[in-house]
>>> print(open('target-v7.pdb').read())   # PDB, C-alpha atoms and all ligand atoms
ATOM      1  CA  MET A   1      11.105  12.342  21.388  1.00  0.00           C
ATOM      2  CA  LEU A   2      10.718   8.872  22.810  1.00  0.00           C
ATOM      3  CA  ILE A   3      13.653   7.105  24.331  1.00  0.00           C
ATOM      4  CA  ASN A   4      15.073   4.497  22.056  1.00  0.00           C
ATOM      5  CA  PRO A   5      13.998   1.229  23.662  1.00  0.00           C
ATOM      6  CA  PHE A   6      16.008  -1.006  21.413  1.00  0.00           C
ATOM      7  CA  ASP A   7      19.296  -0.689  23.216  1.00  0.00           C
ATOM      8  CA  ASP A   8      18.231   0.534  26.604  1.00  0.00           C
ATOM      9  CA  PRO A   9      17.467  -2.363  28.967  1.00  0.00           C
ATOM     10  CA  HIS A  10      16.270   0.108  31.605  1.00  0.00           C
ATOM     11  CA  ALA A  11      13.444   1.159  29.318  1.00  0.00           C
ATOM     12  CA  GLN A  12      12.209  -2.388  29.011  1.00  0.00           C
ATOM     13  CA  TRP A  13       9.556  -2.187  31.711  1.00  0.00           C
ATOM     14  CA  LEU A  14       7.939   0.519  29.620  1.00  0.00           C
ATOM     15  CA  VAL A  15       7.765  -1.317  26.377  1.00  0.00           C
ATOM     16  CA  GLY A  16       7.533  -5.025  27.208  1.00  0.00           C
ATOM     17  CA  LYS A  17       9.348  -7.985  25.758  1.00  0.00           C
ATOM     18  CA  TYR A  18      11.233  -8.318  22.476  1.00  0.00           C
ATOM     19  CA  SER A  19      12.027  -4.665  22.383  1.00  0.00           C
ATOM     20  CA  THR A  20      15.761  -4.776  23.030  1.00  0.00           C
ATOM     21  CA  THR A  21      18.475  -5.924  20.678  1.00  0.00           C
ATOM     22  CA  ASP A  22      19.501  -8.710  23.076  1.00  0.00           C
ATOM     23  CA  GLU A  23      15.996 -10.115  23.332  1.00  0.00           C
ATOM     24  CA  ILE A  24      15.421 -10.074  19.595  1.00  0.00           C
ATOM     25  CA  GLN A  25      18.800 -11.724  19.094  1.00  0.00           C
ATOM     26  CA  ALA A  26      17.992 -14.401  21.674  1.00  0.00           C
ATOM     27  CA  LEU A  27      14.617 -15.115  20.055  1.00  0.00           C
ATOM     28  CA  THR A  28      16.279 -15.281  16.638  1.00  0.00           C
ATOM     29  CA  LYS A  29      18.710 -17.883  17.985  1.00  0.00           C
ATOM     30  CA  GLU A  30      16.002 -19.891  19.724  1.00  0.00           C
ATOM     31  CA  THR A  31      13.953 -19.951  16.515  1.00  0.00           C
ATOM     32  CA  CYS A  32      16.983 -21.107  14.508  1.00  0.00           C
ATOM     33  CA  GLU A  33      17.539 -23.924  17.010  1.00  0.00           C
ATOM     34  CA  THR A  34      13.917 -25.047  16.806  1.00  0.00           C
ATOM     35  CA  CYS A  35      13.945 -24.905  13.005  1.00  0.00           C
ATOM     36  CA  GLY A  36      17.281 -26.739  12.796  1.00  0.00           C
ATOM     37  CA  ILE A  37      19.128 -23.995  10.943  1.00  0.00           C
ATOM     38  CA  MET A  38      21.896 -23.169  13.421  1.00  0.00           C
ATOM     39  CA  ASP A  39      24.387 -23.486  10.550  1.00  0.00           C
ATOM     40  CA  ILE A  40      23.175 -20.162   9.146  1.00  0.00           C
ATOM     41  CA  TYR A  41      22.486 -18.466  12.474  1.00  0.00           C
ATOM     42  CA  PRO A  42      25.898 -16.693  12.612  1.00  0.00           C
ATOM     43  CA  ASP A  43      25.226 -15.222   9.170  1.00  0.00           C
ATOM     44  CA  ILE A  44      21.752 -13.901   9.894  1.00  0.00           C
ATOM     45  CA  GLU A  45      21.669 -10.150  10.188  1.00  0.00           C
ATOM     46  CA  TRP A  46      18.701  -8.107  11.267  1.00  0.00           C
ATOM     47  CA  LYS A  47      18.027  -4.433  11.589  1.00  0.00           C
ATOM     48  CA  PHE A  48      15.299  -1.884  11.936  1.00  0.00           C
ATOM     49  CA  GLU A  49      14.082  -0.101   8.862  1.00  0.00           C
ATOM     50  CA  LYS A  50      12.699   3.400   9.243  1.00  0.00           C
ATOM     51  CA  ARG A  51      11.104   3.398   5.821  1.00  0.00           C
ATOM     52  CA  PHE A  52       8.729   0.479   6.510  1.00  0.00           C
ATOM     53  CA  LYS A  53       5.402   2.175   7.038  1.00  0.00           C
ATOM     54  CA  THR A  54       3.073  -0.668   6.119  1.00  0.00           C
ATOM     55  CA  THR A  55       5.455  -3.648   6.208  1.00  0.00           C
ATOM     56  CA  LEU A  56       6.171  -5.138   9.617  1.00  0.00           C
ATOM     57  CA  GLY A  57       9.069  -7.254   8.580  1.00  0.00           C
ATOM     58  CA  GLU A  58      10.857  -8.603   5.555  1.00  0.00           C
ATOM     59  CA  ALA A  59      13.222 -11.521   5.216  1.00  0.00           C
ATOM     60  CA  SER A  60      15.571 -11.783   2.280  1.00  0.00           C
ATOM     61  CA  TYR A  61      18.233 -14.149   1.098  1.00  0.00           C
ATOM     62  CA  TRP A  62      20.738 -13.832  -1.682  1.00  0.00           C
ATOM     63  CA  ALA A  63      24.141 -15.094  -2.709  1.00  0.00           C
ATOM     64  CA  ASP A  64      26.864 -12.937  -4.220  1.00  0.00           C
ATOM     65  CA  SER A  65      28.965 -13.831  -7.232  1.00  0.00           C
ATOM     66  CA  GLU A  66      31.542 -15.517  -4.968  1.00  0.00           C
ATOM     67  CA  GLY A  67      28.866 -17.732  -3.479  1.00  0.00           C
ATOM     68  CA  LYS A  68      28.689 -16.025  -0.099  1.00  0.00           C
ATOM     69  CA  ASN A  69      25.185 -16.244   1.339  1.00  0.00           C
ATOM     70  CA  TYR A  70      23.360 -13.334   2.893  1.00  0.00           C
ATOM     71  CA  TRP A  71      20.429 -13.721   5.263  1.00  0.00           C
ATOM     72  CA  LEU A  72      18.796 -10.457   6.220  1.00  0.00           C
ATOM     73  CA  ILE A  73      15.722  -9.518   8.193  1.00  0.00           C
ATOM     74  CA  LYS A  74      14.383  -5.991   8.445  1.00  0.00           C
ATOM     75  CA  TYR A  75      11.754  -4.866  10.927  1.00  0.00           C
ATOM     76  CA  SER A  76       9.713  -1.707  10.903  1.00  0.00           C
ATOM     77  CA  SER A  77      11.016   0.581  13.636  1.00  0.00           C
ATOM     78  CA  LEU A  78       7.848   2.636  13.364  1.00  0.00           C
ATOM     79  CA  MET A  79       5.463  -0.230  14.028  1.00  0.00           C
ATOM     80  CA  TRP A  80       7.591  -2.244  16.433  1.00  0.00           C
ATOM     81  CA  LEU A  81       6.481  -0.933  19.798  1.00  0.00           C
ATOM     82  CA  PRO A  82       2.721  -0.711  19.141  1.00  0.00           C
ATOM     83  CA  LEU A  83       2.821  -4.404  18.242  1.00  0.00           C
ATOM     84  CA  GLY A  84       3.031  -5.536  21.841  1.00  0.00           C
ATOM     85  CA  ASP A  85       4.869  -8.616  23.145  1.00  0.00           C
ATOM     86  CA  THR A  86       2.754 -11.162  21.274  1.00  0.00           C
ATOM     87  CA  GLY A  87       2.977  -9.340  17.968  1.00  0.00           C
ATOM     88  CA  ARG A  88       6.721  -8.761  18.237  1.00  0.00           C
ATOM     89  CA  LYS A  89       7.424 -12.376  19.085  1.00  0.00           C
ATOM     90  CA  ASN A  90       5.202 -13.590  16.267  1.00  0.00           C
ATOM     91  CA  THR A  91       6.882 -11.232  13.809  1.00  0.00           C
ATOM     92  CA  VAL A  92      10.437 -12.320  14.686  1.00  0.00           C
ATOM     93  CA  VAL A  93       9.525 -16.004  14.444  1.00  0.00           C
ATOM     94  CA  HIS A  94       7.573 -15.300  11.230  1.00  0.00           C
ATOM     95  CA  GLU A  95      10.620 -13.770   9.529  1.00  0.00           C
ATOM     96  CA  VAL A  96      13.152 -16.308  10.814  1.00  0.00           C
ATOM     97  CA  CYS A  97      10.863 -19.092   9.566  1.00  0.00           C
ATOM     98  CA  HIS A  98      11.013 -17.528   6.083  1.00  0.00           C
ATOM     99  CA  LEU A  99      14.799 -17.899   6.170  1.00  0.00           C
ATOM    100  CA  ALA A 100      14.415 -21.425   7.536  1.00  0.00           C
ATOM    101  CA  VAL A 101      12.171 -22.403   4.612  1.00  0.00           C
ATOM    102  CA  GLU A 102      14.743 -21.014   2.202  1.00  0.00           C
ATOM    103  CA  ARG A 103      17.574 -22.867   3.956  1.00  0.00           C
ATOM    104  CA  LEU A 104      15.736 -26.170   4.367  1.00  0.00           C
ATOM    105  CA  TYR A 105      13.702 -26.400   1.176  1.00  0.00           C
ATOM    106  CA  GLY A 106      14.705 -23.603  -1.186  1.00  0.00           C
ATOM    107  CA  HIS A 107      12.281 -22.496  -3.797  1.00  0.00           C
ATOM    108  CA  CYS A 108      10.726 -25.270  -5.728  1.00  0.00           C
ATOM    109  CA  SER A 109       8.486 -23.990  -8.450  1.00  0.00           C
ATOM    110  CA  ARG A 110       7.993 -27.430  -9.965  1.00  0.00           C
ATOM    111  CA  PRO A 111       7.425 -29.872  -7.131  1.00  0.00           C
ATOM    112  CA  LYS A 112       7.540 -33.573  -7.770  1.00  0.00           C
ATOM    113  CA  LYS A 113       4.284 -35.444  -7.730  1.00  0.00           C
ATOM    114  CA  GLY A 114       2.842 -35.631  -4.238  1.00  0.00           C
ATOM    115  CA  GLN A 115       5.128 -32.904  -2.921  1.00  0.00           C
ATOM    116  CA  GLU A 116       3.809 -29.687  -1.559  1.00  0.00           C
ATOM    117  CA  ARG A 117       4.957 -26.628  -3.456  1.00  0.00           C
ATOM    118  CA  VAL A 118       7.186 -24.338  -1.411  1.00  0.00           C
ATOM    119  CA  LEU A 119       5.354 -21.051  -1.052  1.00  0.00           C
ATOM    120  CA  ASP A 120       6.137 -17.995   1.058  1.00  0.00           C
ATOM    121  CA  HIS A 121       3.363 -18.694   3.541  1.00  0.00           C
ATOM    122  CA  GLY A 122       2.734 -22.270   2.480  1.00  0.00           C
ATOM    123  CA  LYS A 123       2.698 -25.511   4.404  1.00  0.00           C
ATOM    124  CA  HIS A 124       6.470 -25.684   5.001  1.00  0.00           C
ATOM    125  CA  TRP A 125       6.473 -22.239   6.561  1.00  0.00           C
ATOM    126  CA  GLN A 126       3.284 -22.851   8.539  1.00  0.00           C
ATOM    127  CA  ASP A 127       4.653 -26.097   9.977  1.00  0.00           C
ATOM    128  CA  LEU A 128       7.816 -24.345  11.154  1.00  0.00           C
ATOM    129  CA  MET A 129       5.766 -21.578  12.756  1.00  0.00           C
ATOM    130  CA  LYS A 130       3.758 -24.186  14.644  1.00  0.00           C
ATOM    131  CA  LYS A 131       6.920 -26.031  15.650  1.00  0.00           C
ATOM    132  CA  CYS A 132       8.091 -22.750  17.194  1.00  0.00           C
ATOM    133  CA  GLY A 133       4.803 -22.443  19.029  1.00  0.00           C
ATOM    134  CA  GLU A 134       3.527 -19.508  16.993  1.00  0.00           C
ATOM    135  CA  ASP A 135       0.226 -19.062  15.217  1.00  0.00           C
ATOM    136  CA  PRO A 136       0.987 -18.695  11.499  1.00  0.00           C
ATOM    137  CA  PHE A 137      -2.282 -16.878  10.957  1.00  0.00           C
ATOM    138  CA  LEU A 138      -2.064 -14.408  13.807  1.00  0.00           C
ATOM    139  CA  LYS A 139      -3.155 -11.019  12.618  1.00  0.00           C
ATOM    140  CA  VAL A 140      -0.797  -8.699  14.401  1.00  0.00           C
ATOM    141  CA  CYS A 141      -2.044  -5.201  14.789  1.00  0.00           C
ATOM    142  CA  HIS A 142      -0.447  -2.479  12.751  1.00  0.00           C
ATOM    143  CA  GLY A 143      -2.031   0.428  14.510  1.00  0.00           C
ATOM    144  CA  ASN A 144      -2.238   1.899  17.959  1.00  0.00           C
ATOM    145  CA  GLU A 145      -3.998  -0.944  19.669  1.00  0.00           C
ATOM    146  CA  ILE A 146      -2.265  -2.435  22.656  1.00  0.00           C
TER     147      ILE A 146
HETATM  148 ZN    ZN B 201       5.742 -13.556   5.640  1.00  0.00          ZN
END
>>> encode(input="target-v7.pdb", output="C-alpha cells", more="lines below")
Ligand SMILES: [Zn+2]
Amino acid sequence: MLINPFDDPHAQWLVGKYSTTDEIQALTKETCETCGIMDIYPDIEWKFEKRFKTTLGEASYWADSEGKNYWLIKYSSLMWLPLGDTGRKNTVVHEVCHLAVERLYGHCSRPKKGQERVLDHGKHWQDLMKKCGEDPFLKVCHGNEI
C-alpha cells in the first residue's frame, strides 16, 4: 500500500509538485485570480474520485432550487501521481478554466453574429488556459510514463 501523498507534506519529495491538498488548493486560487473569478473561489470544491479510471478530471456547475451555486471539480485519484508535475498542473488549470468559462460566459448555444460560440474546449476556454500559461492542447499521459 502506497502512502497517501495528498495530505502528507513529508511525502512530497517522492511524488513531486501538485500532489498535496495545499498545493492543489493554492494552484486553484492562483488560477481563479488569473481568470478573474475570485468571486466564486470560496465556493469551489474539489476532491479525488476513486471511480475515475479513464477520466482525469471533471468540472461541474449547477444551481439548486434556492439559487445556490455549486462549483465542483473531481480528479482521478488513480491517475493523479503518474501524471507528473506538468500533467497535474495542466489538469488543475484545465478544470478551473472550465468553471471560469461557465462563470464568465455561461453556455451560449445561439451566439450573436460575429460571436464565438461557447464550447467546452472552445476559444474562450483555450484563451483562459493560455492566460494561465498552460498549453490547452497538452496531451497529458494517462499511463505509467513519467
Ligand atoms: Zn476539459
>>> atom_distance(input="target-v7.pdb", atom1="atom CA of A:His94", atom2="atom CA of A:Lys130")
10.3 Å
>>> atom_distance(input="target-v7.pdb", atom1="atom CA of A:Ala26", atom2="atom CA of A:Lys123")
25.6 Å
>>> resolve_selection(input="target-v7.pdb", expression="the PyMOL selection byres (((not hetatm)) within 10 of (chain B and resi 201))", output="CSV table (one decimal) with C-alpha atoms, in the coordinates of the input")
chain,number,residue,atom,x,y,z
A,55,THR,CA,5.5,-3.6,6.2
A,56,LEU,CA,6.2,-5.1,9.6
A,57,GLY,CA,9.1,-7.3,8.6
A,58,GLU,CA,10.9,-8.6,5.6
A,59,ALA,CA,13.2,-11.5,5.2
A,91,THR,CA,6.9,-11.2,13.8
A,93,VAL,CA,9.5,-16.0,14.4
A,94,HIS,CA,7.6,-15.3,11.2
A,95,GLU,CA,10.6,-13.8,9.5
A,96,VAL,CA,13.2,-16.3,10.8
A,97,CYS,CA,10.9,-19.1,9.6
A,98,HIS,CA,11.0,-17.5,6.1
A,120,ASP,CA,6.1,-18.0,1.1
A,121,HIS,CA,3.4,-18.7,3.5
A,122,GLY,CA,2.7,-22.3,2.5
A,125,TRP,CA,6.5,-22.2,6.6
A,136,PRO,CA,1.0,-18.7,11.5
>>> residues_near_point(input="target-v7.pdb", point="(12.4, -0.2, 8.7)", cutoff="7 Å", atoms="only C-alpha atoms", output="list in words")
Phe48, Glu49, Lys50, Arg51, Phe52, Lys74, Tyr75, Ser76 and Ser77 of chain A
>>> resolve_selection(input="target-v7.pdb", expression="the PyMOL selection byres (((chain A and resi 133) around 12) and not hetatm)", output="list in words")
Glu30, Thr31, Thr34, Cys35, Thr86, Lys89, Asn90, Val93, His94, Cys97, Gln126, Asp127, Leu128, Met129, Lys130, Lys131, Cys132, Glu134, Asp135, Pro136 and Leu138 of chain A
>>> write_last_selection(input="target-v7.pdb", atoms="C-alpha atoms", output="mmCIF file, in the coordinates of the input")
data_model
loop_
_atom_site.group_PDB
_atom_site.id
_atom_site.type_symbol
_atom_site.label_atom_id
_atom_site.label_comp_id
_atom_site.auth_asym_id
_atom_site.auth_seq_id
_atom_site.Cartn_x
_atom_site.Cartn_y
_atom_site.Cartn_z
ATOM 1 C CA GLU A 30 16.002 -19.891 19.724
ATOM 2 C CA THR A 31 13.953 -19.951 16.515
ATOM 3 C CA THR A 34 13.917 -25.047 16.806
ATOM 4 C CA CYS A 35 13.945 -24.905 13.005
ATOM 5 C CA THR A 86 2.754 -11.162 21.274
ATOM 6 C CA LYS A 89 7.424 -12.376 19.085
ATOM 7 C CA ASN A 90 5.202 -13.590 16.267
ATOM 8 C CA VAL A 93 9.525 -16.004 14.444
ATOM 9 C CA HIS A 94 7.573 -15.300 11.230
ATOM 10 C CA CYS A 97 10.863 -19.092 9.566
ATOM 11 C CA GLN A 126 3.284 -22.851 8.539
ATOM 12 C CA ASP A 127 4.653 -26.097 9.977
ATOM 13 C CA LEU A 128 7.816 -24.345 11.154
ATOM 14 C CA MET A 129 5.766 -21.578 12.756
ATOM 15 C CA LYS A 130 3.758 -24.186 14.644
ATOM 16 C CA LYS A 131 6.920 -26.031 15.650
ATOM 17 C CA CYS A 132 8.091 -22.750 17.194
ATOM 18 C CA GLU A 134 3.527 -19.508 16.993
ATOM 19 C CA ASP A 135 0.226 -19.062 15.217
ATOM 20 C CA PRO A 136 0.987 -18.695 11.499
ATOM 21 C CA LEU A 138 -2.064 -14.408 13.807
#
>>> decode(input="target-v7.pdb", residues="stretch 52-73 of chain A", atoms="N, CA and C atoms", output="compact mmCIF listing (two decimals), in the first residue's frame")
# COMPACT_ATOMS: atom_id res chain seq x y z
N PHE A 52 -12.85 7.26 -11.13
CA PHE A 52 -12.38 7.73 -12.44
C PHE A 52 -11.21 6.88 -12.92
N LYS A 53 -11.48 6.02 -13.89
CA LYS A 53 -10.41 5.16 -14.38
C LYS A 53 -9.87 5.62 -15.73
N THR A 54 -10.70 6.37 -16.45
CA THR A 54 -10.23 6.89 -17.75
C THR A 54 -10.35 8.40 -17.80
N THR A 55 -11.07 9.00 -16.85
CA THR A 55 -11.23 10.45 -16.82
C THR A 55 -10.26 11.04 -15.81
N LEU A 56 -9.47 12.01 -16.26
CA LEU A 56 -8.51 12.65 -15.37
C LEU A 56 -9.15 13.61 -14.41
N GLY A 57 -10.09 14.37 -14.96
CA GLY A 57 -10.74 15.38 -14.15
C GLY A 57 -12.09 15.74 -14.75
N GLU A 58 -12.92 16.32 -13.92
CA GLU A 58 -14.26 16.70 -14.40
C GLU A 58 -14.71 17.92 -13.59
N ALA A 59 -15.15 18.93 -14.31
CA ALA A 59 -15.64 20.13 -13.63
C ALA A 59 -17.14 20.21 -13.84
N SER A 60 -17.87 20.48 -12.78
CA SER A 60 -19.31 20.64 -12.97
C SER A 60 -19.84 21.82 -12.18
N TYR A 61 -20.91 22.36 -12.71
CA TYR A 61 -21.57 23.50 -12.10
C TYR A 61 -23.06 23.25 -12.11
N TRP A 62 -23.71 23.57 -11.03
CA TRP A 62 -25.17 23.55 -11.04
C TRP A 62 -25.69 24.49 -9.98
N ALA A 63 -26.97 24.80 -10.07
CA ALA A 63 -27.61 25.66 -9.08
C ALA A 63 -28.79 24.87 -8.52
N ASP A 64 -29.01 24.99 -7.21
CA ASP A 64 -30.16 24.28 -6.63
C ASP A 64 -31.42 25.14 -6.74
N SER A 65 -32.52 24.59 -6.25
CA SER A 65 -33.80 25.29 -6.44
C SER A 65 -33.85 26.63 -5.70
N GLU A 66 -32.97 26.79 -4.69
CA GLU A 66 -32.93 28.08 -3.98
C GLU A 66 -31.94 29.07 -4.61
N GLY A 67 -31.33 28.62 -5.70
CA GLY A 67 -30.42 29.52 -6.42
C GLY A 67 -28.99 29.49 -5.92
N LYS A 68 -28.70 28.57 -5.01
CA LYS A 68 -27.30 28.45 -4.55
C LYS A 68 -26.48 27.75 -5.64
N ASN A 69 -25.32 28.31 -5.92
CA ASN A 69 -24.46 27.76 -6.97
C ASN A 69 -23.44 26.77 -6.41
N TYR A 70 -23.22 25.73 -7.17
CA TYR A 70 -22.23 24.72 -6.79
C TYR A 70 -21.19 24.61 -7.89
N TRP A 71 -19.94 24.65 -7.47
CA TRP A 71 -18.81 24.53 -8.40
C TRP A 71 -17.95 23.38 -7.90
N LEU A 72 -17.89 22.32 -8.67
CA LEU A 72 -17.20 21.13 -8.18
C LEU A 72 -16.23 20.57 -9.21
N ILE A 73 -15.05 20.24 -8.73
CA ILE A 73 -14.06 19.59 -9.59
C ILE A 73 -13.68 18.26 -8.96
